[in-house]
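Single-structure report; data block below.
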Amino acid sequence: MSANHSVPVWSSLPSFIAASPTPFHAVQAVSTALAAAGFQAFSERDAWDLSPGMTGFVQRNHSALIAFRIGQSCEPGRGGFSLIGAHTDSPALKLKLRGSQHQAGTLRIPVEVYGSSIDSTWLDRPLGIAGRIWALDHPDEKPLLVDSRQAMAVIPNLAIHLNSSINEGFAYNRQQHLAALFGDCKLEDLLQALLGRKAPASLDELSDELYLYVNEAPQWVGLQGDLLSAPRLDNLASCQAALCALLAASPGEATQVLFLADNEEVGSVSAQGANSSFLRDILWRLTPGTPQSEENLLRHLSASWMLSADAAHALHPSYPDTHDPSYSPVINRGVVVKNHASLRYASNAISQGRLLRLCRQAGIAMQFFTSRSDKPCGSTIGPTCSAHLGIPAVDLGIPVWAMHSCRETAGRRDLDSLTAVFTAFWSADQ
Ligand code: ZN
């Protein structure tokens, strides 16, 4: 990942995605980039001593992160927080190690589905394993971040000769049909390969969060290479665009805050999700004024607003009836502002108006999405953060095809547009 303002976001996104098979790895990659750019690592355990212009970051659960650049204003209520939020997690298959069995000449491990995945996309692909393991037999050892890097498993379909009606639609049973097959090996050998040392003799000596991921590199598609086919574009593309914008930004009156939340795909209720104390806890520490107080935070929040970045549904030309024809974003035509009457998105006339004015001044074209009136709508972290903090927010994002497939498709030009929006946002008060 590059901190160089002259390097377009799209050029470094594939390597960021490849380095981030799980939220833990994404936060590690972002932390490394921030530290390399001089951002100081903070811990929630310590007392913080901050000053205007200072840059830093803090992580929670190693899967969510808040980075900041303190504003030049030392007065509560002046400048406020300029917040950008995105999420680090994506739908995935979590291994259930205790269900491991050797059957039909192969190690078979059942999985649990994390988030709303399109299950069928995970079949017949080379899959790696990544996550974290805590081997309890070594008292001094800490949870270890692991990534097999090489393909370790596959979830094969049944041959069409044995399921001749599969093309008429087939519902995969998640307990039975999504189990991963690892070839003729033992579970302890697999764990040893991940740990880099002899694995504990019993699973009771192990605590784990291990996920399968698609072990196929992101790929540029098309004559002009203007499409990116990659895993986890939702929402690592937003994370990376916001990070690049933050690294390139200059100090302003407002405190710039980047919130990368975990667990959006499962409802955000966790210590490190958008529906947690994390963001508010850290904003309290970032509030100017001596001594810090709840009132100072409230005054500063009243001058704050937020961009909530997450993927948007691009119009799929083979399914034109799935979109409202007047709200049908197209790939490579720009960033999408998302609205919903029942507030599944946080955008309203004021927050959206501020964004549109900002983009107009910066010469950035926007597209609009509202779901068909006869279809349900997804959601994201914007409404939750807006409600917790009591600040206006607007939901936006790049248009993608096949959201929640294990490989999604986005447009190269949209990635640059998203970074341009973030850059304009954090430059607004300079
Ligand atoms: Zn998302």
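Note on naming: chains are A, B, ... as they come in the structure tokens, residues start from 1 per chain, ligands start from 1 in the order shown.
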Check your understanding: Counting only C-alpha atoms and all ligand atoms, what residues are within 8 Å of ligand 1, given as number ranges by chain?
Key -> A: 86-87, 89-90, 234-235, 264-265, 310-311, 380
Atoms kept (all heavy atoms) for selection, written as a JSON list (two decimals), in the first residue's frame:
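Produced file result-v4.json, reproduced below:
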```json
[["chain", "number", "residue", "atom", "x", "y", "z"],
["A", 86, "ALA", "N", -15.66, 3.00, 7.19],
["A", 86, "ALA", "CA", -15.80, 1.86, 6.27],
["A", 86, "ALA", "C", -15.68, 0.60, 7.13],
["A", 86, "ALA", "O", -15.49, 0.70, 8.33],
["A", 86, "ALA", "CB", -14.71, 1.90, 5.20],
["A", 87, "HIS", "N", -15.81, -0.56, 6.51],
["A", 87, "HIS", "CA", -15.68, -1.78, 7.32],
["A", 87, "HIS", "C", -14.63, -2.72, 6.74],
["A", 87, "HIS", "O", -14.40, -2.76, 5.53],
["A", 87, "HIS", "CB", -17.02, -2.48, 7.52],
["A", 87, "HIS", "CG", -17.66, -3.02, 6.28],
["A", 87, "HIS", "ND1", -17.40, -4.28, 5.81],
["A", 87, "HIS", "CD2", -18.58, -2.48, 5.42],
["A", 87, "HIS", "CE1", -18.15, -4.51, 4.71],
["A", 87, "HIS", "NE2", -18.85, -3.43, 4.45],
["A", 89, "ASP", "N", -14.54, -6.15, 7.31],
["A", 89, "ASP", "CA", -14.96, -7.55, 7.14],
["A", 89, "ASP", "C", -15.73, -7.77, 5.85],
["A", 89, "ASP", "O", -16.29, -6.82, 5.27],
["A", 89, "ASP", "CB", -15.80, -8.01, 8.34],
["A", 89, "ASP", "CG", -17.07, -7.18, 8.52],
["A", 89, "ASP", "OD1", -17.01, -5.95, 8.34],
["A", 89, "ASP", "OD2", -18.13, -7.77, 8.84],
["A", 90, "SER", "N", -15.75, -9.01, 5.42],
["A", 90, "SER", "CA", -16.49, -9.43, 4.22],
["A", 90, "SER", "C", -17.09, -10.81, 4.51],
["A", 90, "SER", "O", -16.60, -11.52, 5.40],
["A", 90, "SER", "CB", -15.55, -9.55, 3.02],
["A", 90, "SER", "OG", -14.86, -8.35, 2.79],
["A", 234, "ASP", "N", -15.92, -5.25, -1.41],
["A", 234, "ASP", "CA", -16.80, -4.79, -0.34],
["A", 234, "ASP", "C", -16.24, -5.32, 0.96],
["A", 234, "ASP", "O", -16.42, -6.48, 1.29],
["A", 234, "ASP", "CB", -18.22, -5.30, -0.60],
["A", 234, "ASP", "CG", -19.18, -5.02, 0.54],
["A", 234, "ASP", "OD1", -18.81, -4.29, 1.47],
["A", 234, "ASP", "OD2", -20.30, -5.56, 0.51],
["A", 235, "ASN", "N", -15.41, -4.57, 1.75],
["A", 235, "ASN", "CA", -15.35, -3.15, 1.59],
["A", 235, "ASN", "C", -13.90, -2.66, 1.67],
["A", 235, "ASN", "O", -13.62, -1.53, 2.06],
["A", 235, "ASN", "CB", -16.22, -2.51, 2.67],
["A", 235, "ASN", "CG", -16.50, -1.06, 2.46],
["A", 235, "ASN", "OD1", -16.33, -0.54, 1.38],
["A", 235, "ASN", "ND2", -16.89, -0.39, 3.51],
["A", 264, "GLU", "N", -19.47, -5.50, 10.26],
["A", 264, "GLU", "CA", -20.62, -4.89, 9.58],
["A", 264, "GLU", "C", -21.50, -5.95, 8.93],
["A", 264, "GLU", "O", -22.72, -5.83, 8.91],
["A", 264, "GLU", "CB", -20.14, -3.88, 8.53],
["A", 264, "GLU", "CG", -21.26, -3.06, 7.89],
["A", 264, "GLU", "CD", -21.91, -3.70, 6.67],
["A", 264, "GLU", "OE1", -21.35, -4.70, 6.14],
["A", 264, "GLU", "OE2", -22.97, -3.22, 6.25],
["A", 265, "GLU", "N", -20.85, -6.99, 8.42],
["A", 265, "GLU", "CA", -21.59, -8.01, 7.67],
["A", 265, "GLU", "C", -22.50, -8.85, 8.56],
["A", 265, "GLU", "O", -23.35, -9.59, 8.07],
["A", 265, "GLU", "CB", -20.62, -8.93, 6.92],
["A", 265, "GLU", "CG", -19.70, -8.22, 5.92],
["A", 265, "GLU", "CD", -20.45, -7.67, 4.72],
["A", 265, "GLU", "OE1", -21.68, -7.83, 4.64],
["A", 265, "GLU", "OE2", -19.80, -7.05, 3.86],
["A", 310, "ASP", "N", -19.27, 2.45, 1.64],
["A", 310, "ASP", "CA", -19.50, 1.03, 1.47],
["A", 310, "ASP", "C", -19.92, 0.79, 0.02],
["A", 310, "ASP", "O", -20.36, 1.72, -0.67],
["A", 310, "ASP", "CB", -20.60, 0.56, 2.43],
["A", 310, "ASP", "CG", -20.50, -0.93, 2.75],
["A", 310, "ASP", "OD1", -19.77, -1.64, 2.04],
["A", 310, "ASP", "OD2", -21.15, -1.36, 3.70],
["A", 311, "ALA", "N", -19.78, -0.43, -0.42],
["A", 311, "ALA", "CA", -20.08, -0.74, -1.82],
["A", 311, "ALA", "C", -21.55, -0.47, -2.15],
["A", 311, "ALA", "O", -22.42, -0.59, -1.28],
["A", 311, "ALA", "CB", -19.74, -2.19, -2.11],
["A", 380, "THR", "N", -25.70, -0.31, 6.13],
["A", 380, "THR", "CA", -24.26, -0.25, 6.41],
["A", 380, "THR", "C", -24.05, 0.52, 7.71],
["A", 380, "THR", "O", -24.99, 0.69, 8.49],
["A", 380, "THR", "CB", -23.53, 0.36, 5.19],
["A", 380, "THR", "OG1", -22.13, 0.39, 5.46],
["A", 380, "THR", "CG2", -24.02, 1.77, 4.89]]
```
Item to complete: Return as a PyMOL selection string the full set of residues in region 120-283 of chain A whose backbone-based DSSP assignment is helix (DSSP H, G or I).
Response: chain A and resi 120-122+166-168+187-195+203-205+233-248+264-266+278-283
Prev. selection, C-alpha atoms, output as a short mmCIF file (atom, residue, chain, number, x, y, z; two decimals), in the first residue's frame:
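Saved file part_24.cif follows:
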```cif
data_model
loop_
_atom_site.label_atom_id
_atom_site.label_comp_id
_atom_site.auth_asym_id
_atom_site.auth_seq_id
_atom_site.Cartn_x
_atom_site.Cartn_y
_atom_site.Cartn_z
CA SER A 120 -22.36 -21.06 -4.71
CA THR A 121 -19.45 -18.76 -5.59
CA TRP A 122 -17.21 -20.55 -3.10
CA ILE A 166 -28.46 -28.55 -10.80
CA ASN A 167 -28.90 -25.97 -13.60
CA GLU A 168 -32.55 -25.61 -12.66
CA LEU A 187 -5.67 -31.79 10.91
CA GLU A 188 -2.56 -31.63 13.11
CA ASP A 189 -0.36 -31.36 10.02
CA LEU A 190 -2.54 -28.53 8.72
CA LEU A 191 -2.28 -26.68 12.04
CA GLN A 192 1.45 -27.29 12.16
CA ALA A 193 1.82 -25.70 8.72
CA LEU A 194 -0.17 -22.64 9.86
CA LEU A 195 1.61 -22.30 13.22
CA LEU A 203 -7.95 -29.07 20.08
CA ASP A 204 -8.66 -28.27 23.74
CA GLU A 205 -5.23 -26.65 23.77
CA LEU A 233 -13.93 -5.31 -2.79
CA ASP A 234 -16.80 -4.79 -0.34
CA ASN A 235 -15.35 -3.15 1.59
CA LEU A 236 -11.57 -3.18 1.35
CA ALA A 237 -11.78 -0.81 -1.64
CA SER A 238 -13.31 1.86 0.61
CA CYS A 239 -10.78 1.16 3.39
CA GLN A 240 -7.88 1.61 1.05
CA ALA A 241 -9.23 4.70 -0.72
CA ALA A 242 -9.83 6.39 2.64
CA LEU A 243 -6.42 5.41 3.93
CA CYS A 244 -4.70 6.85 0.84
CA ALA A 245 -6.69 10.09 1.24
CA LEU A 246 -5.79 10.35 4.93
CA LEU A 247 -2.10 9.77 4.29
CA ALA A 248 -2.10 12.49 1.64
CA GLU A 264 -20.62 -4.89 9.58
CA GLU A 265 -21.59 -8.01 7.67
CA VAL A 266 -23.18 -9.53 10.78
CA PHE A 278 -15.19 2.17 20.12
CA LEU A 279 -15.69 5.26 17.97
CA ARG A 280 -17.20 7.38 20.73
CA ASP A 281 -14.53 6.27 23.23
CA ILE A 282 -11.78 7.41 20.90
CA LEU A 283 -13.51 10.66 19.89
#
```
task: Would you please work out which residue, of A:Glu112, A:Glu216, A:Asp49, A:Asp137, is nearest to Arg407 (chain A) when using only C-alpha atoms?
output: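 The answer is A:Glu216, which sits nearest to Arg407 (chain A).
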List every residue of region 39-65 of chain A that has an atom at most 8 Å from any atom of region 13-25 of chain A, and for each one report the closest atom pair and its distance in Å to one decimal, counting only C-alpha atoms, with rows sorted by chain and then by increasing residue number, as a Markdown table.
```
| residue | atom | partner | partner_atom | distance |
| --- | --- | --- | --- | --- |
| A:His62 | CA | A:Phe24 | CA | 5.5 |
| A:Ser63 | CA | A:Phe24 | CA | 4.5 |
| A:Ala64 | CA | A:Pro23 | CA | 7.5 |
```
Expected file: the selected residues, C-alpha atoms, as a PDB file, in the first residue's frame:
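What follows is the written file out23.pdb:
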```pdb
ATOM      1  CA  HIS A  62      -6.835  -6.309  15.941  1.00  0.00           C
ATOM      2  CA  SER A  63      -9.765  -6.160  13.505  1.00  0.00           C
ATOM      3  CA  ALA A  64     -10.985  -2.542  13.768  1.00  0.00           C
TER       4      ALA A  64
END
```
message: Residues within 12 Å of Trp134 (chain A), please, as a list in words. Count only C-alpha atoms; anything in the same chain fewer than 4 positions from it doesn't count.
response: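 These residues fall inside the cut-off: His138, Pro139, Asp140, Glu141, Lys142, Pro143, Leu144, Leu145, Val146, Leu191, Leu194, Leu195, Ala199, Pro200, Leu203, Asp204, Glu205, Leu206, Ser207, Asp208, Glu209 and Leu210 of chain A.
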Those residues you just picked out, can you put them in a file as an mmCIF file, in the first residue's frame with N, CA, C and O atoms?
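Written file, selection-v4.cif:
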```
data_model
loop_
_atom_site.group_PDB
_atom_site.id
_atom_site.type_symbol
_atom_site.label_atom_id
_atom_site.label_comp_id
_atom_site.auth_asym_id
_atom_site.auth_seq_id
_atom_site.Cartn_x
_atom_site.Cartn_y
_atom_site.Cartn_z
ATOM 1 N N HIS A 138 1.714 -23.253 25.035
ATOM 2 C CA HIS A 138 2.891 -22.416 25.303
ATOM 3 C C HIS A 138 2.424 -21.205 26.097
ATOM 4 O O HIS A 138 1.797 -20.299 25.556
ATOM 5 N N PRO A 139 2.682 -21.161 27.410
ATOM 6 C CA PRO A 139 2.100 -20.117 28.260
ATOM 7 C C PRO A 139 2.440 -18.693 27.823
ATOM 8 O O PRO A 139 1.645 -17.775 28.021
ATOM 9 N N ASP A 140 3.606 -18.515 27.215
ATOM 10 C CA ASP A 140 4.017 -17.153 26.850
ATOM 11 C C ASP A 140 3.501 -16.725 25.479
ATOM 12 O O ASP A 140 3.604 -15.560 25.108
ATOM 13 N N GLU A 141 2.973 -17.653 24.727
ATOM 14 C CA GLU A 141 2.622 -17.342 23.350
ATOM 15 C C GLU A 141 1.353 -16.510 23.270
ATOM 16 O O GLU A 141 0.434 -16.660 24.070
ATOM 17 N N LYS A 142 1.306 -15.627 22.282
ATOM 18 C CA LYS A 142 0.121 -14.799 22.060
ATOM 19 C C LYS A 142 -0.634 -15.348 20.848
ATOM 20 O O LYS A 142 -0.098 -16.160 20.097
ATOM 21 N N PRO A 143 -1.876 -14.884 20.654
ATOM 22 C CA PRO A 143 -2.576 -15.311 19.433
ATOM 23 C C PRO A 143 -1.738 -14.968 18.203
ATOM 24 O O PRO A 143 -1.172 -13.880 18.116
ATOM 25 N N LEU A 144 -1.670 -15.903 17.311
ATOM 26 C CA LEU A 144 -0.800 -15.763 16.139
ATOM 27 C C LEU A 144 -1.662 -15.501 14.905
ATOM 28 O O LEU A 144 -2.636 -16.209 14.659
ATOM 29 N N LEU A 145 -1.274 -14.488 14.145
ATOM 30 C CA LEU A 145 -1.940 -14.211 12.879
ATOM 31 C C LEU A 145 -1.405 -15.199 11.856
ATOM 32 O O LEU A 145 -0.183 -15.308 11.698
ATOM 33 N N VAL A 146 -2.289 -15.920 11.188
ATOM 34 C CA VAL A 146 -1.809 -16.945 10.257
ATOM 35 C C VAL A 146 -2.440 -16.772 8.876
ATOM 36 O O VAL A 146 -3.547 -16.249 8.739
ATOM 37 N N LEU A 191 -2.522 -27.689 10.992
ATOM 38 C CA LEU A 191 -2.279 -26.681 12.036
ATOM 39 C C LEU A 191 -0.787 -26.415 12.195
ATOM 40 O O LEU A 191 -0.364 -25.277 12.406
ATOM 41 N N LEU A 194 0.272 -24.020 9.590
ATOM 42 C CA LEU A 194 -0.167 -22.641 9.862
ATOM 43 C C LEU A 194 0.647 -22.018 10.997
ATOM 44 O O LEU A 194 1.022 -20.850 10.941
ATOM 45 N N LEU A 195 0.906 -22.821 12.039
ATOM 46 C CA LEU A 195 1.611 -22.303 13.220
ATOM 47 C C LEU A 195 3.113 -22.167 12.995
ATOM 48 O O LEU A 195 3.791 -21.395 13.675
ATOM 49 N N ALA A 199 1.914 -28.573 16.341
ATOM 50 C CA ALA A 199 0.618 -28.134 16.866
ATOM 51 C C ALA A 199 0.333 -28.840 18.185
ATOM 52 O O ALA A 199 0.847 -29.933 18.437
ATOM 53 N N PRO A 200 -0.481 -28.230 19.055
ATOM 54 C CA PRO A 200 -0.883 -28.908 20.289
ATOM 55 C C PRO A 200 -1.542 -30.247 19.972
ATOM 56 O O PRO A 200 -2.187 -30.405 18.932
ATOM 57 N N LEU A 203 -7.277 -30.326 20.412
ATOM 58 C CA LEU A 203 -7.952 -29.069 20.083
ATOM 59 C C LEU A 203 -8.323 -28.287 21.336
ATOM 60 O O LEU A 203 -8.553 -27.081 21.270
ATOM 61 N N ASP A 204 -8.377 -28.978 22.486
ATOM 62 C CA ASP A 204 -8.663 -28.271 23.738
ATOM 63 C C ASP A 204 -7.525 -27.335 24.131
ATOM 64 O O ASP A 204 -7.690 -26.491 25.008
ATOM 65 N N GLU A 205 -6.379 -27.512 23.512
ATOM 66 C CA GLU A 205 -5.226 -26.647 23.772
ATOM 67 C C GLU A 205 -5.131 -25.528 22.751
ATOM 68 O O GLU A 205 -4.094 -24.893 22.591
ATOM 69 N N LEU A 206 -6.225 -25.286 22.056
ATOM 70 C CA LEU A 206 -6.193 -24.354 20.922
ATOM 71 C C LEU A 206 -7.425 -23.463 20.936
ATOM 72 O O LEU A 206 -8.525 -23.926 21.222
ATOM 73 N N SER A 207 -7.250 -22.186 20.665
ATOM 74 C CA SER A 207 -8.379 -21.286 20.454
ATOM 75 C C SER A 207 -8.192 -20.659 19.077
ATOM 76 O O SER A 207 -7.109 -20.157 18.764
ATOM 77 N N ASP A 208 -9.219 -20.688 18.259
ATOM 78 C CA ASP A 208 -8.985 -20.293 16.869
ATOM 79 C C ASP A 208 -10.133 -19.502 16.274
ATOM 80 O O ASP A 208 -11.290 -19.618 16.704
ATOM 81 N N GLU A 209 -9.814 -18.674 15.308
ATOM 82 C CA GLU A 209 -10.765 -18.055 14.380
ATOM 83 C C GLU A 209 -10.137 -18.196 13.006
ATOM 84 O O GLU A 209 -9.303 -17.377 12.621
ATOM 85 N N LEU A 210 -10.499 -19.234 12.300
ATOM 86 C CA LEU A 210 -9.888 -19.522 11.000
ATOM 87 C C LEU A 210 -10.947 -19.478 9.899
ATOM 88 O O LEU A 210 -12.044 -20.025 10.065
#
```
Val27 (chain A) proximity check over A:Phe170, A:Lys186, A:Phe368, A:Asn61, using only C-alpha atoms: winner is A:Asn61
Pick out the residues sitting within 8 Å of region 339-341 of chain A, and hand them over as an MDAnalysis selection string; count only C-alpha atoms, and ignore anything fewer than 5 positions along from it in its own chain. chainID A and resid 346:348 368:371 377 395
With N, CA, C and O atoms kept, could you save the residues just selected as an mmCIF file, in the first residue's frame?
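This is the output file result.cif:
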```
data_model
loop_
_atom_site.group_PDB
_atom_site.id
_atom_site.type_symbol
_atom_site.label_atom_id
_atom_site.label_comp_id
_atom_site.auth_asym_id
_atom_site.auth_seq_id
_atom_site.Cartn_x
_atom_site.Cartn_y
_atom_site.Cartn_z
ATOM 1 N N ALA A 346 -27.981 6.585 5.905
ATOM 2 C CA ALA A 346 -28.083 7.769 6.772
ATOM 3 C C ALA A 346 -28.276 9.069 5.995
ATOM 4 O O ALA A 346 -28.580 10.098 6.607
ATOM 5 N N SER A 347 -28.086 9.051 4.686
ATOM 6 C CA SER A 347 -28.130 10.290 3.906
ATOM 7 C C SER A 347 -29.463 11.010 4.080
ATOM 8 O O SER A 347 -30.527 10.383 4.064
ATOM 9 N N ASN A 348 -29.398 12.322 4.254
ATOM 10 C CA ASN A 348 -30.608 13.142 4.204
ATOM 11 C C ASN A 348 -30.301 14.395 3.389
ATOM 12 O O ASN A 348 -29.190 14.548 2.858
ATOM 13 N N PHE A 368 -26.556 8.246 -8.189
ATOM 14 C CA PHE A 368 -27.527 8.126 -7.093
ATOM 15 C C PHE A 368 -28.139 6.732 -7.071
ATOM 16 O O PHE A 368 -28.449 6.164 -8.120
ATOM 17 N N PHE A 369 -28.301 6.201 -5.853
ATOM 18 C CA PHE A 369 -28.969 4.910 -5.703
ATOM 19 C C PHE A 369 -30.047 4.992 -4.636
ATOM 20 O O PHE A 369 -29.827 5.475 -3.520
ATOM 21 N N THR A 370 -31.232 4.563 -5.016
ATOM 22 C CA THR A 370 -32.302 4.247 -4.081
ATOM 23 C C THR A 370 -32.895 2.942 -4.587
ATOM 24 O O THR A 370 -33.077 2.767 -5.793
ATOM 25 N N SER A 371 -33.152 2.004 -3.696
ATOM 26 C CA SER A 371 -33.610 0.700 -4.160
ATOM 27 C C SER A 371 -35.017 0.805 -4.767
ATOM 28 O O SER A 371 -35.747 1.761 -4.506
ATOM 29 N N CYS A 377 -33.905 -3.297 1.099
ATOM 30 C CA CYS A 377 -32.664 -2.546 0.917
ATOM 31 C C CYS A 377 -31.638 -3.026 1.934
ATOM 32 O O CYS A 377 -31.986 -3.352 3.077
ATOM 33 N N ASP A 395 -24.258 8.194 3.220
ATOM 34 C CA ASP A 395 -23.753 6.907 2.748
ATOM 35 C C ASP A 395 -23.416 6.987 1.268
ATOM 36 O O ASP A 395 -24.234 7.444 0.452
#
```
Proximity check region 140-259 of chain A to region 288-302 of chain A, 12 Å, nearest pairs one decimal Å, only C-alpha atoms, as CSV:
```
residue,atom,partner,partner_atom,distance
A:Glu253,CA,A:Pro288,CA,11.7
A:Ala254,CA,A:His300,CA,9.5
A:Thr255,CA,A:Pro288,CA,9.6
```
Keeping only C-alpha atoms, write the selected residues to a file as a PDB file, in the first residue's frame.
```pdb
ATOM      1  CA  GLU A 253      -9.251  23.017  11.434  1.00  0.00           C
ATOM      2  CA  ALA A 254     -11.262  19.816  11.948  1.00  0.00           C
ATOM      3  CA  THR A 255      -9.818  16.606  13.358  1.00  0.00           C
TER       4      THR A 255
END
```
| task | Using DSSP on the backbone coordinates, identify all residues within region 131-361 of chain A classified as strand (DSSP E or B); present the result as JSON, numbers by chain. | result | {"A": [131, 132, 133, 134, 135, 144, 145, 146, 147, 153, 154, 180, 181, 206, 207, 208, 209, 210, 211, 212, 213, 214, 219, 220, 221, 227, 228, 229, 230, 255, 256, 257, 258, 259, 260, 261, 305, 306, 307, 308, 309, 312, 313, 335, 336, 337, 338]}
With distances taken over only C-alpha atoms, which of A:Ala36, A:Ala26, A:Leu223, A:Ala424 is nearest to Gly252 (chain A)?
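Nearest to Gly252 (chain A): A:Ala424.
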So the first atom is CA of Ala303 (chain A) and the second is CA of Gly85 (chain A); what is the distance between them in Å, to one decimal place?
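Going from CA of Ala303 (chain A) over to CA of Gly85 (chain A) covers 17.0 Å.
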